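J.: Right, I'll just put the structure down here and ask away after.
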Amino acid sequence: MPDTSPQPRILLTKSFIDSHDRAIATIALALRDAAMEVVLIDYEQPEDVVNVALQEDVDVIGVSFMSGGQVETTQKIFAELQRREVAGLPVVVGGTIRPFDVPPLEAAGVKAIFRGGAPMADVVESFRSLSRAYRGLA
Amino acid sequence: MIAVRETDLAGLLDRVRSGDSLAIARAITAIENATPLGADLRLAVRGASGLCQTLGVTGPPGAGKSSLVSALISILLEQYPRIGVLTVDPSSPVSGGAVLGDRVRMAAHSRDPNVFIRSLAARGHLGGVTRTTRGVIDILAAAGFDLVIVETVGTGQSEVAVAGITDVKLVVCPPGLGDDMQAIKAGVLEIADLLVVNKADLPDAGRTAGYLKAMLYHRGHDETRAVLLASATTGDGLKELAEAVDARFAALGAANPGEAHLIVTRDVLADDAADLIRAFIRHADIDRLCGTVGRGELTHREGAIAAVNLFVDSQGSKE
Ligand SMILES: Nc1nc2c(ncn2[C@@H]2O[C@H](COP(=O)(O)OP(=O)(O)OP(=O)(O)O)[C@@H](O)[C@H]2O)c(=O)[nH]1
Ligand SMILES: [Mg+2]
C-alpha cells in the first residue's frame, strides 16, 4: 500500500566550500511553504550526499553549485547512487550552470536544471512531481 | 535493486535488524507517516529502546545543541560503537512543511557508517519531539544502535516530552542571564540530569553556570546535579561532558538493572492506554458527556474520569 499523504522529503545541498547559500535558503523556504520537508546539508564529498539522502529517505536530491565541479560532482553522485542501489532517486541541479555543462549533466541523468532566475513556481512544481513519481504516486 | 516502497513487514524487519541504512530509513518514514506497515513495525519493535542507551538534548534555540551533539558523537563513539541521532525541528503551522537544518552542524558525520542521523519534523506535536519519536527510537534500537541521541526543537519553553522517552536528559544553555534563563526556568530544569553552559569561550559563561547552580539549590533540587562548562567550538570541556553523560548511564544501570525495563514497559502501557482512550473518545456517549462538561455540570477532570468509566463499561459489555 503506498503512502497516501506523506509530506515530500527533499534534500538540498551545496559544497561546504560555497559560503553563499541564499539560493538554497530561498528554495528551502518555498518548498516548506509548499508543505514539503526539506533537509539541509553541506557536503564535503559527493558520497556524503547519497549517504545522507538514504538516511533521510528523501524523494529528490537538489544540488546547488556556486563555483566549480558541476559535472564531476554530479557524475560522482550518480555513481554513488548506483553503488548504494538507489539509482532511481531523482537529482536536480541549480545555481551556476554554464551552457557547456548542460549536455554532460543531462547525460549523467539529472532530471531538471534550474538557472538563477527560474520561476519559483516551476521549481516547486518540479520537486513536487518528482517526489510523487519516486513514491509511486504519480 | 530494491523496491522503492517496502510492503513486506518480515523482509523489511530483517533488513532493519541487519543494520541496512535504507531499510532503517524506510521503516522510520513508515512509522512517521503512520502507514499500515508503520503500525505493524511499531508493534514489532515495541520496547526495543530498552536495549540501548538514550540521551535527550534540549535547550533554547541557538544554544549550540546540534554543535554539541556533533562533538559528543566523536567522543562517545569510543564507548558506543554505533550511534543513532534524531533531530527535531518545528513544522510550519501554516503549510505543514519544514526546514530541517540541524544536521548542517553535524557534517563531520555525514559519511560515517557507524552514525545514523535522521531529521524529523514535529508535524504539530508539542513538547519538542514528534508523535512517533518513541517508535523511531525503537527502530534504531532494533537495528542495533548502542546509543540514540534525541535533539529536541529549541523553543526554550517546555521541551519536557523528551523526559518521558530518554534515559538521560542534557539541558544546554547559552551564556547570558536574560530571557533565555527565564525560559529555562519554565519546567526544563526539572527534567535535567545534566546541565551544560555551552559557548564557554564567550564571556559570562562562568557566571551563568554559577547562576544555574544557585537556581537548582534554591528550588530544593538535588544539588548534586552537575552544571558543566563546555565549548563546541574550541573543544574545551567536551571530554568532561562525555564522561558525565557516561557516568549517568552507568548510575542508571547500576541503580537497578531491572528498573530500566520496567520504566520502558510502563511507558509503553501508558501509551497504549492513551491510544485506547483516544480511539474511544469519538464514541457517541462521549459527546453527551462533553455537553455536560460544556454546561459546567462537571469539571474537566470529573469529565475525564467519567470518560474512563464509560470506556471500562464498554469493554465489559463486549465480553
Ligand atoms: N562561540 C561559540 N559559538 C557556538 C558554540 N557552539 C555553537 N555555536 C554557534 O551557535 C550557533 C547555533 O549553534 P547550533 O548548534 O545550531 O545551536 P542549536 O541549539 O542546535 O540551534 P537550534 O537547533 O536552531 O535551536 C551556530 O552559529 C554555532 O556556530 C560554541 O561553543 N561557541
Ligand atoms: Mg539544532
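Labels used: A, B, ... for chains in the order of the C-alpha cells, numbers from 1 for residues in each chain, and numbers from 1 for ligands as shown.
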Once you count only C-alpha atoms, which residues of chain B turn out to be within 6 Å of chain A? Could you give them as an mmCIF file with all heavy atoms, in the first residue's frame?
T.:
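The resulting file, iface-v8.cif, is shown below:
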data_model
loop_
_atom_site.group_PDB
_atom_site.id
_atom_site.type_symbol
_atom_site.label_atom_id
_atom_site.label_comp_id
_atom_site.auth_asym_id
_atom_site.auth_seq_id
_atom_site.Cartn_x
_atom_site.Cartn_y
_atom_site.Cartn_z
ATOM 1 N N MET B 1 18.456 -4.245 -7.012
ATOM 2 C CA MET B 1 17.694 -3.003 -6.751
ATOM 3 C C MET B 1 16.428 -3.343 -5.975
ATOM 4 O O MET B 1 15.667 -4.220 -6.368
ATOM 5 C CB MET B 1 17.352 -2.379 -8.110
ATOM 6 C CG MET B 1 16.395 -1.213 -8.030
ATOM 7 S SD MET B 1 17.298 0.311 -8.012
ATOM 8 C CE MET B 1 15.977 1.469 -7.704
ATOM 9 N N LEU B 22 19.114 1.988 4.285
ATOM 10 C CA LEU B 22 17.905 2.342 3.544
ATOM 11 C C LEU B 22 16.678 1.718 4.203
ATOM 12 O O LEU B 22 15.632 2.354 4.323
ATOM 13 C CB LEU B 22 18.020 1.894 2.084
ATOM 14 C CG LEU B 22 16.852 2.311 1.195
ATOM 15 C CD1 LEU B 22 16.678 3.817 1.194
ATOM 16 C CD2 LEU B 22 17.038 1.792 -0.223
ATOM 17 N N ALA B 25 15.825 3.698 7.221
ATOM 18 C CA ALA B 25 15.230 4.975 6.820
ATOM 19 C C ALA B 25 13.778 4.788 6.374
ATOM 20 O O ALA B 25 12.899 5.584 6.721
ATOM 21 C CB ALA B 25 16.055 5.596 5.694
ATOM 22 N N SER B 95 1.778 25.777 6.510
ATOM 23 C CA SER B 95 1.833 24.861 5.360
ATOM 24 C C SER B 95 1.996 23.408 5.773
ATOM 25 O O SER B 95 1.670 22.508 5.020
ATOM 26 C CB SER B 95 2.996 25.248 4.452
ATOM 27 O OG SER B 95 4.230 24.914 5.075
ATOM 28 N N GLY B 96 2.528 23.169 6.963
ATOM 29 C CA GLY B 96 2.842 21.792 7.348
ATOM 30 C C GLY B 96 4.218 21.357 6.865
ATOM 31 O O GLY B 96 4.687 20.283 7.216
ATOM 32 N N GLY B 97 4.886 22.194 6.077
ATOM 33 C CA GLY B 97 6.236 21.875 5.642
ATOM 34 C C GLY B 97 7.247 22.222 6.728
ATOM 35 O O GLY B 97 6.880 22.738 7.782
ATOM 36 N N ALA B 98 8.520 21.924 6.464
ATOM 37 C CA ALA B 98 9.540 22.190 7.472
ATOM 38 C C ALA B 98 10.905 22.325 6.817
ATOM 39 O O ALA B 98 11.180 21.680 5.804
ATOM 40 C CB ALA B 98 9.578 21.071 8.509
ATOM 41 N N VAL B 99 11.748 23.159 7.411
ATOM 42 C CA VAL B 99 13.159 23.195 7.029
ATOM 43 C C VAL B 99 13.939 22.552 8.166
ATOM 44 O O VAL B 99 13.869 22.991 9.316
ATOM 45 C CB VAL B 99 13.652 24.643 6.787
ATOM 46 C CG1 VAL B 99 15.143 24.652 6.492
ATOM 47 C CG2 VAL B 99 12.882 25.277 5.637
ATOM 48 N N LEU B 100 14.654 21.483 7.858
ATOM 49 C CA LEU B 100 15.341 20.683 8.871
ATOM 50 C C LEU B 100 16.837 20.917 8.729
ATOM 51 O O LEU B 100 17.483 20.354 7.843
ATOM 52 C CB LEU B 100 14.977 19.200 8.674
ATOM 53 C CG LEU B 100 13.458 18.922 8.547
ATOM 54 C CD1 LEU B 100 13.193 17.486 8.110
ATOM 55 C CD2 LEU B 100 12.753 19.221 9.858
ATOM 56 N N GLY B 101 17.371 21.783 9.591
ATOM 57 C CA GLY B 101 18.743 22.243 9.382
ATOM 58 C C GLY B 101 19.745 21.803 10.429
ATOM 59 O O GLY B 101 20.909 22.186 10.369
ATOM 60 N N VAL B 104 23.264 20.247 9.488
ATOM 61 C CA VAL B 104 24.308 21.092 8.902
ATOM 62 C C VAL B 104 25.494 21.171 9.872
ATOM 63 O O VAL B 104 26.654 21.184 9.462
ATOM 64 C CB VAL B 104 23.766 22.515 8.610
ATOM 65 C CG1 VAL B 104 24.907 23.456 8.227
ATOM 66 C CG2 VAL B 104 22.724 22.466 7.504
ATOM 67 N N SER B 110 28.687 12.889 8.206
ATOM 68 C CA SER B 110 27.834 12.604 7.049
ATOM 69 C C SER B 110 28.183 11.301 6.355
ATOM 70 O O SER B 110 27.394 10.771 5.597
ATOM 71 C CB SER B 110 27.951 13.735 6.013
ATOM 72 O OG SER B 110 27.269 14.879 6.455
ATOM 73 N N ARG B 111 29.380 10.787 6.566
ATOM 74 C CA ARG B 111 29.851 9.641 5.792
ATOM 75 C C ARG B 111 30.140 8.446 6.696
ATOM 76 O O ARG B 111 30.541 7.397 6.231
ATOM 77 C CB ARG B 111 31.164 10.050 5.127
ATOM 78 C CG ARG B 111 31.398 9.548 3.752
ATOM 79 C CD ARG B 111 32.604 10.267 3.187
ATOM 80 N NE ARG B 111 32.689 11.639 3.710
ATOM 81 C CZ ARG B 111 33.818 12.317 3.834
ATOM 82 N NH1 ARG B 111 34.960 11.784 3.483
ATOM 83 N NH2 ARG B 111 33.812 13.555 4.319
ATOM 84 N N ARG B 118 18.912 11.216 11.551
ATOM 85 C CA ARG B 118 17.637 11.415 10.870
ATOM 86 C C ARG B 118 16.974 12.688 11.381
ATOM 87 O O ARG B 118 16.850 12.893 12.589
ATOM 88 C CB ARG B 118 16.714 10.228 11.116
ATOM 89 C CG ARG B 118 15.331 10.348 10.498
ATOM 90 C CD ARG B 118 15.376 10.337 8.974
ATOM 91 N NE ARG B 118 14.019 10.347 8.447
ATOM 92 C CZ ARG B 118 13.484 9.350 7.759
ATOM 93 N NH1 ARG B 118 14.198 8.277 7.464
ATOM 94 N NH2 ARG B 118 12.255 9.423 7.333
#
J.: Could the residues that lie within 7 Å of ligand 1, counting only C-alpha atoms and all ligand atoms, be listed as a list in words?
T.: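 Result of the 7 Å neighbour search around ligand 1: Gly59, Pro60, Pro61, Gly62, Ala63, Gly64, Lys65, Ser66, Ser67, Leu68, Asp102, Arg105, Val153, Gly154, Thr155, Asn198, Lys199, Ala200, Asp201, Leu202, Ala230, Ser231, Ala232, Thr233 and Thr234 of chain B.
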J.: Set the distance at 12 Å and use only C-alpha atoms: which residues neighbour Phe100 in chain A once local chain neighbours fewer than 4 positions away are removed? I'd like the list as a short mmCIF file (atom, residue, chain, number, x, y, z; two decimals) with N, CA, C and O atoms, in the first residue's frame.
T.:
data_model
loop_
_atom_site.label_atom_id
_atom_site.label_comp_id
_atom_site.auth_asym_id
_atom_site.auth_seq_id
_atom_site.Cartn_x
_atom_site.Cartn_y
_atom_site.Cartn_z
N GLN A 70 30.54 21.26 -11.20
CA GLN A 70 29.18 20.88 -11.55
C GLN A 70 29.09 19.47 -12.11
O GLN A 70 28.34 18.63 -11.60
N VAL A 71 29.87 19.22 -13.18
CA VAL A 71 29.73 17.95 -13.90
C VAL A 71 30.36 16.81 -13.11
O VAL A 71 29.75 15.76 -12.89
N THR A 96 24.99 28.04 -10.64
CA THR A 96 25.82 28.44 -11.77
C THR A 96 26.02 27.25 -12.71
O THR A 96 26.89 26.42 -12.48
N PRO A 104 26.57 17.21 -20.57
CA PRO A 104 27.04 16.13 -19.67
C PRO A 104 26.16 15.94 -18.44
O PRO A 104 26.03 14.80 -17.96
N LEU A 105 25.55 17.01 -17.94
CA LEU A 105 24.65 16.86 -16.79
C LEU A 105 23.44 16.02 -17.18
O LEU A 105 23.01 15.12 -16.45
N GLU A 106 22.90 16.32 -18.37
CA GLU A 106 21.74 15.54 -18.83
C GLU A 106 22.13 14.10 -19.09
O GLU A 106 21.39 13.17 -18.77
#
J.: Could you state the separation of CA of Ser314 in chain B and CA of Arg134 in chain B in Å, given to one decimal place?
T.: 29.0 Å
J.: Show which residues sit within 9 Å of Ser67 in chain A, as a list in words. Count only C-alpha atoms, and ignore same-chain residues fewer than 6 positions away.
T.: Ile17, Asp18, Gly95 and Thr96 of chain A
J.: Within 10 Å of Tyr211 in chain B, counting only C-alpha atoms, which residues show up once you throw out same-chain ones fewer than 4 positions away? Write them as an MDAnalysis selection string, please.
T.: chainID B and resid 176:177 181 205:207 215:217 227
J.: Enumerate the residues of range 184-219 of chain B with a DSSP assignment of alpha helix (DSSP H), computed from the backbone, and present them as an NGL selection string.
T.: :B and (184-185 or 188-191 or 205-218)
J.: Which of chain A end up as strand (DSSP E) when DSSP is run on this backbone - answer as a list in words?
T.: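 Taking chain A and keeping strand (DSSP E) only, one gets Arg9, Ile10, Leu11, Leu12, Thr13, Lys14, Ser15, Glu37, Val38, Val39, Leu40, Ile41, Asp42, Tyr43, Val60, Ile61, Gly62, Val63, Ser64, Phe65, Val91, Val92, Val93, Gly94, Gly95, Ala112, Ile113, Phe114 and Arg115 of chain A.
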J.: Go ahead and write the residues just picked, C-alpha atoms, as a PDB file, in the first residue's frame.
T.:
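So result.pdb came out as:
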ATOM      1  CA  ARG A   9      11.023  14.912   1.645  1.00  0.00           C
ATOM      2  CA  ILE A  10      13.734  16.823  -0.175  1.00  0.00           C
ATOM      3  CA  LEU A  11      17.496  17.083   0.348  1.00  0.00           C
ATOM      4  CA  LEU A  12      19.033  20.425  -0.603  1.00  0.00           C
ATOM      5  CA  THR A  13      22.795  20.586  -0.549  1.00  0.00           C
ATOM      6  CA  LYS A  14      25.833  22.546  -1.559  1.00  0.00           C
ATOM      7  CA  SER A  15      29.551  22.116  -1.128  1.00  0.00           C
ATOM      8  CA  GLU A  37      10.055  18.700   4.468  1.00  0.00           C
ATOM      9  CA  VAL A  38      13.480  19.960   3.461  1.00  0.00           C
ATOM     10  CA  VAL A  39      16.731  18.592   4.890  1.00  0.00           C
ATOM     11  CA  LEU A  40      19.800  20.802   4.503  1.00  0.00           C
ATOM     12  CA  ILE A  41      23.444  19.749   4.482  1.00  0.00           C
ATOM     13  CA  ASP A  42      26.777  20.985   3.205  1.00  0.00           C
ATOM     14  CA  TYR A  43      28.744  18.128   1.689  1.00  0.00           C
ATOM     15  CA  VAL A  60      14.551  14.211  -4.530  1.00  0.00           C
ATOM     16  CA  ILE A  61      18.120  15.496  -4.214  1.00  0.00           C
ATOM     17  CA  GLY A  62      18.757  19.124  -5.174  1.00  0.00           C
ATOM     18  CA  VAL A  63      22.377  20.207  -5.576  1.00  0.00           C
ATOM     19  CA  SER A  64      23.323  23.861  -5.857  1.00  0.00           C
ATOM     20  CA  PHE A  65      26.614  24.891  -7.455  1.00  0.00           C
ATOM     21  CA  VAL A  91      18.616  14.525  -8.833  1.00  0.00           C
ATOM     22  CA  VAL A  92      18.127  18.146  -9.893  1.00  0.00           C
ATOM     23  CA  VAL A  93      20.830  20.794 -10.071  1.00  0.00           C
ATOM     24  CA  GLY A  94      20.827  24.555  -9.920  1.00  0.00           C
ATOM     25  CA  GLY A  95      22.926  27.655  -9.476  1.00  0.00           C
ATOM     26  CA  ALA A 112      15.980  19.201 -14.133  1.00  0.00           C
ATOM     27  CA  ILE A 113      18.371  22.127 -14.279  1.00  0.00           C
ATOM     28  CA  PHE A 114      17.467  25.446 -12.673  1.00  0.00           C
ATOM     29  CA  ARG A 115      19.473  28.521 -13.554  1.00  0.00           C
TER      30      ARG A 115
END
J.: Write out as a VMD selection string which residues come within 9 Å of Arg248 in chain B when counting only C-alpha atoms, dropping same-chain ones fewer than 6 positions away.
T.: chain B and resid 167 to 168 193 to 194
J.: As an exercise, work out the distance from CA of Tyr80 in chain B to CA of Leu147 in chain B in Å and give it to one decimal place.
T.: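 Separation between CA of Tyr80 in chain B and CA of Leu147 in chain B: 6.2 Å.
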J.: So what do you get for CA of Leu195 in chain B versus CA of Cys173 in chain B, distance-wise?
T.: 7.5 Å
J.: For Ser74 in chain B, find every residue with an atom within 12 Å (counting only C-alpha atoms), except residues of its own chain fewer than 4 positions away, and show them as an NGL selection string.
T.: :B and (67-70 or 78-83 or 106-109 or 112 or 114-115 or 232 or 235 or 238-239 or 242)
J.: Which residue, B:Asp8, B:Asp20, B:Asp146, B:Asp313, has the smallest gap to Pro113 in chain B when you use only C-alpha atoms?
T.: B:Asp20
J.: Between B:Ala304, B:Val293, B:Val129, B:Val85, which one has atoms that come closest to Thr54 in chain B, using only C-alpha atoms?
T.: B:Val85
J.: With distances taken over only C-alpha atoms and all ligand atoms, which residue among B:Val88, B:Ile165, B:Ile75, B:Ala23 lies nearest ligand 2?
T.: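 Using only C-alpha atoms and all ligand atoms, the shortest distance to ligand 2 belongs to B:Val88.
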J.: For each of B:Val172, B:Ala209, B:Ala247, B:Leu9, take the minimum atom-to-atom distance to ligand 2, counting only C-alpha atoms and all ligand atoms, then give the residue where this is smallest.
T.: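 So, comparing all the options, the nearest one is B:Val172.
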